[in-house]
>>> print(open('structure07.cif').read())   # mmCIF, C-alpha atoms
data_upload
#
loop_
_atom_site.label_atom_id
_atom_site.label_comp_id
_atom_site.auth_asym_id
_atom_site.auth_seq_id
_atom_site.Cartn_x
_atom_site.Cartn_y
_atom_site.Cartn_z
CA MET A 1 -96.23 180.92 -106.10
CA LYS A 2 -99.01 179.02 -104.32
CA LYS A 3 -99.69 178.05 -100.73
CA LEU A 4 -101.33 174.63 -100.78
CA VAL A 5 -103.08 173.23 -97.71
CA ARG A 6 -105.00 170.25 -96.41
CA PHE A 7 -107.75 171.37 -94.08
CA GLN A 8 -110.84 170.40 -92.15
CA HIS A 9 -113.97 172.54 -92.35
CA GLY A 10 -116.88 171.21 -90.39
CA GLN A 11 -117.13 167.52 -91.25
CA THR A 12 -115.26 167.94 -94.54
CA THR A 13 -111.54 167.33 -95.15
CA ALA A 14 -110.18 168.76 -98.38
CA TYR A 15 -107.19 170.28 -100.12
CA GLY A 16 -107.04 173.94 -100.97
CA ALA A 17 -105.03 176.98 -101.98
CA VAL A 18 -104.65 179.93 -99.64
CA ASP A 19 -105.88 183.17 -101.21
CA GLY A 20 -105.33 186.04 -98.80
CA ASP A 21 -107.53 185.37 -95.78
CA SER A 22 -109.46 182.61 -97.53
CA VAL A 23 -108.96 179.05 -98.72
CA GLN A 24 -110.10 177.98 -102.18
CA PRO A 25 -111.01 174.26 -102.08
CA LEU A 26 -109.43 172.17 -104.82
CA GLU A 27 -110.53 169.03 -106.61
CA GLY A 28 -108.51 165.95 -105.67
CA ASP A 29 -105.20 166.42 -103.87
CA LEU A 30 -102.16 168.69 -104.18
CA LEU A 31 -100.52 166.49 -106.81
CA GLY A 32 -103.16 166.87 -109.52
CA ALA A 33 -104.39 169.72 -111.68
CA GLN A 34 -105.40 171.83 -108.66
CA GLN A 35 -108.72 172.93 -110.11
CA ALA A 36 -110.96 175.11 -107.95
CA SER A 37 -114.00 173.37 -106.47
CA GLY A 38 -116.73 175.20 -104.58
CA ALA A 39 -116.81 178.46 -102.69
CA LYS A 40 -113.91 179.92 -100.73
CA VAL A 41 -113.97 179.61 -96.95
CA PRO A 42 -112.35 181.94 -94.41
CA LEU A 43 -108.91 180.74 -93.34
CA SER A 44 -109.87 181.51 -89.76
CA ASP A 45 -112.74 178.98 -89.99
CA VAL A 46 -110.65 175.96 -90.99
CA LYS A 47 -108.33 173.64 -89.09
CA LEU A 48 -105.06 173.16 -90.95
CA LEU A 49 -103.82 169.58 -91.20
CA PHE A 50 -100.37 168.36 -92.18
CA PRO A 51 -100.55 169.31 -95.85
CA VAL A 52 -99.34 166.09 -97.48
CA GLN A 53 -100.20 162.44 -96.88
CA PRO A 54 -96.91 160.93 -98.11
CA PRO A 55 -96.10 157.40 -99.23
CA LYS A 56 -92.84 157.67 -97.25
CA ILE A 57 -90.71 160.14 -95.29
CA PHE A 58 -86.95 160.55 -95.57
CA ALA A 59 -84.75 162.71 -93.38
CA VAL A 60 -81.13 163.87 -93.62
CA GLY A 61 -78.77 163.85 -90.66
CA LEU A 62 -75.73 166.08 -90.08
CA ASN A 63 -76.51 168.45 -92.95
CA TYR A 64 -75.39 171.78 -91.48
CA LYS A 65 -71.81 172.39 -90.37
CA SER A 66 -73.18 174.21 -87.32
CA HIS A 67 -74.90 170.99 -86.19
CA LEU A 68 -71.84 168.73 -86.53
CA GLY A 69 -70.02 169.76 -83.36
CA SER A 70 -66.86 167.63 -83.19
CA ARG A 71 -68.17 165.13 -85.72
CA THR A 72 -66.63 164.79 -89.18
CA ALA A 73 -68.69 166.15 -92.06
CA PRO A 74 -70.31 163.31 -94.02
CA ALA A 75 -69.03 162.52 -97.50
CA GLN A 76 -72.55 161.90 -98.75
CA PRO A 77 -76.08 162.68 -97.49
CA GLU A 78 -76.88 160.57 -94.43
CA ILE A 79 -80.45 159.38 -94.94
CA PHE A 80 -82.90 157.74 -92.56
CA TYR A 81 -86.63 157.07 -92.53
CA LYS A 82 -89.41 158.45 -90.36
CA PRO A 83 -92.76 156.60 -90.38
CA VAL A 84 -95.79 158.38 -91.83
CA SER A 85 -97.57 157.71 -88.52
CA ALA A 86 -95.21 160.27 -86.90
CA LEU A 87 -96.82 163.19 -88.76
CA GLN A 88 -98.55 165.85 -86.69
CA ASN A 89 -100.78 168.77 -87.68
CA PRO A 90 -99.88 172.43 -87.23
CA GLY A 91 -101.09 173.54 -83.81
CA ASP A 92 -101.50 170.03 -82.43
CA PRO A 93 -99.24 168.77 -79.62
CA ILE A 94 -95.91 167.03 -79.68
CA VAL A 95 -96.60 164.30 -77.13
CA ILE A 96 -93.71 163.18 -74.93
CA PRO A 97 -93.79 159.35 -74.97
CA PRO A 98 -93.61 157.12 -71.89
CA GLN A 99 -90.05 156.78 -70.52
CA SER A 100 -88.77 159.66 -72.67
CA LYS A 101 -86.37 161.90 -70.72
CA ASN A 102 -84.47 163.85 -73.38
CA LEU A 103 -86.75 164.97 -76.20
CA HIS A 104 -85.38 167.65 -78.58
CA PHE A 105 -86.70 169.88 -81.37
CA GLU A 106 -85.11 170.07 -84.84
CA GLY A 107 -86.42 172.83 -87.09
CA GLU A 108 -86.06 171.93 -90.78
CA LEU A 109 -86.92 172.78 -94.37
CA VAL A 110 -89.00 169.93 -95.82
CA VAL A 111 -89.15 169.04 -99.51
CA VAL A 112 -92.31 167.67 -101.13
CA VAL A 113 -91.65 165.45 -104.15
CA GLY A 114 -93.95 166.17 -107.07
CA LYS A 115 -93.38 163.30 -109.47
CA ARG A 116 -92.10 159.75 -109.68
CA CYS A 117 -88.38 159.64 -110.28
CA SER A 118 -85.55 157.14 -110.20
CA ARG A 119 -81.81 157.61 -110.69
CA ILE A 120 -82.06 161.25 -111.69
CA SER A 121 -79.24 163.77 -111.75
CA ALA A 122 -79.04 166.84 -109.52
CA GLU A 123 -79.86 168.92 -112.60
CA GLN A 124 -83.05 166.93 -113.12
CA ALA A 125 -84.00 167.02 -109.44
CA ALA A 126 -85.32 170.59 -109.38
CA SER A 127 -88.21 169.64 -111.67
CA ALA A 128 -89.10 166.73 -109.35
CA VAL A 129 -89.84 169.05 -106.41
CA LEU A 130 -93.44 170.20 -105.96
CA GLY A 131 -92.63 172.64 -103.17
CA VAL A 132 -91.37 173.08 -99.63
CA THR A 133 -92.76 173.48 -96.15
CA CYS A 134 -91.67 173.65 -92.50
CA GLY A 135 -90.98 170.59 -90.39
CA ASN A 136 -89.78 169.55 -86.96
CA ASP A 137 -87.70 166.35 -86.80
CA VAL A 138 -88.47 165.69 -83.14
CA SER A 139 -85.82 163.40 -81.63
CA GLU A 140 -85.35 161.50 -78.38
CA ARG A 141 -81.58 161.82 -77.84
CA ASP A 142 -81.20 159.06 -75.23
CA TRP A 143 -82.85 156.54 -77.55
CA GLN A 144 -80.85 157.87 -80.49
CA SER A 145 -77.35 158.03 -79.04
CA GLY A 146 -77.45 157.57 -75.25
CA ALA A 147 -75.73 154.90 -73.20
CA ALA A 148 -78.64 152.51 -73.75
CA LYS A 149 -79.43 153.62 -77.32
CA ASP A 150 -81.56 151.51 -79.63
CA LEU A 151 -79.99 149.63 -82.54
CA GLN A 152 -82.16 151.67 -84.93
CA TRP A 153 -83.84 155.10 -84.65
CA TRP A 154 -87.33 153.62 -84.96
CA ARG A 155 -88.69 155.31 -81.83
CA ALA A 156 -86.04 158.04 -81.35
CA LYS A 157 -87.14 159.64 -84.62
CA GLY A 158 -90.42 157.88 -85.32
CA SER A 159 -92.67 157.95 -82.27
CA ASP A 160 -96.17 159.33 -82.72
CA THR A 161 -96.21 163.14 -83.23
CA PHE A 162 -92.43 163.28 -83.94
CA ALA A 163 -92.93 164.80 -87.43
CA PRO A 164 -94.92 168.07 -87.24
CA LEU A 165 -95.41 169.48 -90.75
CA GLY A 166 -96.90 172.64 -92.24
CA PRO A 167 -98.63 174.99 -92.22
CA TRP A 168 -98.75 174.66 -96.02
CA VAL A 169 -96.69 173.68 -99.04
CA VAL A 170 -95.31 176.62 -100.99
CA THR A 171 -94.67 176.10 -104.69
CA GLY A 172 -92.69 178.27 -107.07
CA ILE A 173 -90.31 179.57 -104.41
CA ASP A 174 -86.51 179.70 -104.53
CA TYR A 175 -85.75 177.55 -101.48
CA SER A 176 -81.96 177.73 -101.83
CA ASN A 177 -81.43 180.70 -99.48
CA LEU A 178 -84.29 180.98 -96.98
CA LEU A 179 -83.82 181.97 -93.35
CA LEU A 180 -84.88 179.18 -90.98
CA THR A 181 -85.65 180.20 -87.39
CA THR A 182 -86.71 177.94 -84.52
CA ARG A 183 -88.18 179.48 -81.38
CA LEU A 184 -88.79 177.80 -78.04
CA ASN A 185 -91.30 179.68 -75.88
CA GLY A 186 -90.66 182.78 -77.99
CA ASN A 187 -86.87 182.66 -77.74
CA VAL A 188 -84.75 182.07 -80.86
CA VAL A 189 -82.86 178.78 -80.44
CA GLN A 190 -81.87 178.05 -84.06
CA GLN A 191 -81.31 180.39 -87.00
CA GLN A 192 -79.53 179.74 -90.28
CA TYR A 193 -80.01 180.09 -94.04
CA THR A 194 -80.79 177.06 -96.15
CA SER A 195 -77.87 178.07 -98.38
CA ASP A 196 -75.68 176.63 -95.59
CA LEU A 197 -76.91 173.08 -96.16
CA LEU A 198 -73.92 170.80 -96.73
CA PHE A 199 -75.97 168.93 -99.34
CA ASN A 200 -78.57 171.08 -101.06
CA VAL A 201 -82.04 169.99 -102.12
CA PRO A 202 -81.15 168.84 -105.68
CA ALA A 203 -78.20 166.84 -104.34
CA ILE A 204 -80.38 165.14 -101.71
CA VAL A 205 -83.20 164.31 -104.12
CA SER A 206 -80.78 162.93 -106.70
CA TYR A 207 -78.89 160.89 -104.11
CA ILE A 208 -81.98 159.20 -102.66
CA SER A 209 -83.30 158.42 -106.14
CA GLN A 210 -80.23 156.35 -106.99
CA TRP A 211 -81.52 153.53 -104.75
CA VAL A 212 -85.11 154.30 -103.76
CA THR A 213 -87.69 155.44 -106.29
CA LEU A 214 -89.29 158.69 -105.17
CA GLU A 215 -93.06 158.93 -105.48
CA PRO A 216 -95.36 161.96 -105.66
CA GLY A 217 -95.97 163.22 -102.14
CA ASP A 218 -92.81 161.78 -100.59
CA LEU A 219 -91.29 164.07 -97.96
CA ILE A 220 -87.64 164.84 -97.26
CA TYR A 221 -86.70 166.57 -93.99
CA THR A 222 -83.40 168.21 -95.01
CA GLY A 223 -81.57 168.58 -91.69
CA THR A 224 -81.38 170.97 -88.74
CA PRO A 225 -78.85 173.72 -87.98
CA GLY A 226 -77.04 174.64 -84.77
CA SER A 227 -77.78 173.01 -81.45
CA THR A 228 -80.97 171.61 -79.96
CA SER A 229 -82.29 171.33 -76.42
CA LYS A 230 -84.75 169.46 -74.27
CA LEU A 231 -88.49 169.92 -74.57
CA ASN A 232 -90.76 169.94 -71.51
CA PRO A 233 -94.54 169.81 -71.06
CA GLY A 234 -96.00 173.26 -71.58
CA ASP A 235 -93.35 174.37 -74.07
CA VAL A 236 -94.26 175.80 -77.48
CA VAL A 237 -92.01 175.22 -80.49
CA GLU A 238 -92.19 177.38 -83.62
CA VAL A 239 -90.35 176.65 -86.86
CA GLU A 240 -90.45 179.65 -89.20
CA ILE A 241 -88.99 179.80 -92.70
CA ASP A 242 -89.05 183.06 -94.63
CA GLY A 243 -91.41 182.91 -97.58
CA ILE A 244 -93.20 179.87 -96.18
CA GLY A 245 -94.70 180.52 -92.75
CA VAL A 246 -94.73 179.34 -89.16
CA LEU A 247 -95.23 175.79 -87.88
CA ARG A 248 -96.27 176.02 -84.23
CA ASN A 249 -96.76 173.07 -81.85
CA PRO A 250 -97.23 172.88 -78.08
CA VAL A 251 -95.59 170.11 -76.07
CA GLU A 252 -97.42 167.84 -73.65
#
>>> encode(input="structure07.cif", output="structure tokens")
Amino acid sequence: MKKLVRFQHGQTTAYGAVDGDSVQPLEGDLLGAQQASGAKVPLSDVKLLFPVQPPKIFAVGLNYKSHLGSRTAPAQPEIFYKPVSALQNPGDPIVIPPQSKNLHFEGELVVVVGKRCSRISAEQAASAVLGVTCGNDVSERDWQSGAAKDLQWWRAKGSDTFAPLGPWVVTGIDYSNLLLTTRLNGNVVQQQYTSDLLFNVPAIVSYISQWVTLEPGDLIYTGTPGSTSKLNPGDVVEVEIDGIGVLRNPVE
């Protein structure tokens, strides 16, 4: 198991592997051979960045029964896009956009694709996953489904800072039964195991690949459990997944 990061140290931005309280810089990016390069640096001395710079971002809607409410469970994974410009670093703020009045958190397990794949089976999908991390599919509910909702979710799901990601990508972990917990200002507001996903990771990866070729570094936000609530300036959201870590972002 490895914890892979993208970080800034002084004027240098690099990829690395967490080793205890240090980061070992790596040659290239997370998708290559991951060879050590240079001396380790203290983890406390670096700024963690969102760990992957993806070609594209997918997300799955309505993927926990606890999140459905009165809605009918989907017969297949419901997929939408988030723009790469929505990514936000661990620790950096979720910024409430102009005219937004109903912004919500959505704590999620995020899959990082490790290799190019097209029209693969669910059995083949496991080998296409590099690792997993924590994500927050920030959503403006009025723009998504309010009385004056947009035709598409371009800003409801894709405004700047609406895709916090991190703190690192964990490889070699069994992600099928991890406890996901979301906290708002220290209070638990979501908690469920990833084993409760209606469509699990291999099913999602296989399904997307039937129509859209997946590329190394692509991200898939896999869905949020339970209910969500409004975010206000000054709030702090934490998404924690056992075996991975904590993604923490203030709101402004």
>>> residues_around(input="structure07.cif", residues="region 59-75 of chain A", least_positions_apart="4", cutoff="12 Å", atoms="all atoms listed in the file", output="PyMOL selection string")
chain A and resi 79-84+106-112+135-139+144+153+157-158+163+190-201+203-205+207-208+218-228
>>> atom_distance(input="structure07.cif", atom1="CA of Cys117 (chain A)", atom2="CA of Pro25 (chain A)")
28.2 Å
>>> closest_residue(input="structure07.cif", among="A:Ser127, A:Ser100, A:Ser121, A:Asn185", to="Trp143 (chain A)", atoms="all atoms listed in the file")
A:Ser100
>>> resolve_selection(input="structure07.cif", expression="the PyMOL selection byres ((chain A and resi 40-51) around 9)", output="PyMOL selection string")
chain A and resi 4-10+13+15+18-25+30+37-39+52-53+87-91+133+164-169
>>> atom_distance(input="structure07.cif", atom1="CA of Asn249 (chain A)", atom2="CA of Val132 (chain A)")
18.6 Å
>>> atom_distance(input="structure07.cif", atom1="CA of Ala86 (chain A)", atom2="CA of Ile120 (chain A)")
28.1 Å
>>> closest_residue(input="structure07.cif", among="A:Pro97, A:Gly16, A:Pro77, A:Pro54", to="Val113 (chain A)", atoms="all atoms listed in the file")
A:Pro54
>>> residues_around(input="structure07.cif", residues="Asp235 (chain A)", least_positions_apart="6", cutoff="8 Å", atoms="all atoms listed in the file", output="VMD selection string")
chain A and resid 184 to 185 250 to 252
>>> resolve_selection(input="structure07.cif", expression="the PyMOL selection byres ((chain A and resi 178) around 8)", output="list in words")
Asp174, Tyr175, Ser176, Asn177, Leu179, Leu180, Tyr193, Thr194, Ser195, Ile241, Asp242 and Gly243 of chain A
>>> decode(input="structure07.cif", residues="region 133-148 of chain A", atoms="N, CA and C atoms", output="PDB file, in the first residue's frame")
ATOM      1  N   THR A 133      -9.176   7.865  -3.245  1.00  0.00           N
ATOM      2  CA  THR A 133      -8.937   8.999  -2.372  1.00  0.00           C
ATOM      3  C   THR A 133     -10.283   9.538  -1.892  1.00  0.00           C
ATOM      4  N   CYS A 134     -10.243  10.629  -1.140  1.00  0.00           N
ATOM      5  CA  CYS A 134     -11.462  11.269  -0.637  1.00  0.00           C
ATOM      6  C   CYS A 134     -11.843  12.433  -1.542  1.00  0.00           C
ATOM      7  N   GLY A 135     -13.151  12.647  -1.688  1.00  0.00           N
ATOM      8  CA  GLY A 135     -13.617  13.770  -2.478  1.00  0.00           C
ATOM      9  C   GLY A 135     -14.877  14.370  -1.906  1.00  0.00           C
ATOM     10  N   ASN A 136     -15.181  15.583  -2.338  1.00  0.00           N
ATOM     11  CA  ASN A 136     -16.387  16.282  -1.930  1.00  0.00           C
ATOM     12  C   ASN A 136     -17.052  16.809  -3.201  1.00  0.00           C
ATOM     13  N   ASP A 137     -18.194  16.220  -3.560  1.00  0.00           N
ATOM     14  CA  ASP A 137     -18.927  16.631  -4.762  1.00  0.00           C
ATOM     15  C   ASP A 137     -19.842  17.795  -4.379  1.00  0.00           C
ATOM     16  N   VAL A 138     -19.255  18.959  -4.184  1.00  0.00           N
ATOM     17  CA  VAL A 138     -20.003  20.138  -3.747  1.00  0.00           C
ATOM     18  C   VAL A 138     -21.084  20.472  -4.776  1.00  0.00           C
ATOM     19  N   SER A 139     -22.291  20.780  -4.285  1.00  0.00           N
ATOM     20  CA  SER A 139     -23.457  20.914  -5.171  1.00  0.00           C
ATOM     21  C   SER A 139     -24.341  22.075  -4.749  1.00  0.00           C
ATOM     22  N   GLU A 140     -24.737  22.884  -5.729  1.00  0.00           N
ATOM     23  CA  GLU A 140     -25.687  23.972  -5.466  1.00  0.00           C
ATOM     24  C   GLU A 140     -27.082  23.455  -5.813  1.00  0.00           C
ATOM     25  N   ARG A 141     -27.883  23.149  -4.783  1.00  0.00           N
ATOM     26  CA  ARG A 141     -29.146  22.441  -4.981  1.00  0.00           C
ATOM     27  C   ARG A 141     -30.175  23.264  -5.776  1.00  0.00           C
ATOM     28  N   ASP A 142     -30.209  24.574  -5.584  1.00  0.00           N
ATOM     29  CA  ASP A 142     -31.194  25.377  -6.328  1.00  0.00           C
ATOM     30  C   ASP A 142     -30.896  25.352  -7.825  1.00  0.00           C
ATOM     31  N   TRP A 143     -29.618  25.382  -8.182  1.00  0.00           N
ATOM     32  CA  TRP A 143     -29.244  25.329  -9.591  1.00  0.00           C
ATOM     33  C   TRP A 143     -29.412  23.919 -10.156  1.00  0.00           C
ATOM     34  N   GLN A 144     -29.319  22.927  -9.282  1.00  0.00           N
ATOM     35  CA  GLN A 144     -29.429  21.535  -9.701  1.00  0.00           C
ATOM     36  C   GLN A 144     -30.879  21.096  -9.873  1.00  0.00           C
ATOM     37  N   SER A 145     -31.740  21.456  -8.926  1.00  0.00           N
ATOM     38  CA  SER A 145     -33.097  20.916  -8.954  1.00  0.00           C
ATOM     39  C   SER A 145     -34.149  21.869  -8.397  1.00  0.00           C
ATOM     40  N   GLY A 146     -33.823  23.138  -8.237  1.00  0.00           N
ATOM     41  CA  GLY A 146     -34.772  24.107  -7.712  1.00  0.00           C
ATOM     42  C   GLY A 146     -35.798  24.534  -8.747  1.00  0.00           C
ATOM     43  N   ALA A 147     -36.651  25.458  -8.356  1.00  0.00           N
ATOM     44  CA  ALA A 147     -37.726  25.920  -9.237  1.00  0.00           C
ATOM     45  C   ALA A 147     -37.190  26.547 -10.518  1.00  0.00           C
ATOM     46  N   ALA A 148     -36.036  27.190 -10.426  1.00  0.00           N
ATOM     47  CA  ALA A 148     -35.422  27.824 -11.600  1.00  0.00           C
ATOM     48  C   ALA A 148     -34.123  27.106 -11.981  1.00  0.00           C
TER      49      ALA A 148
END
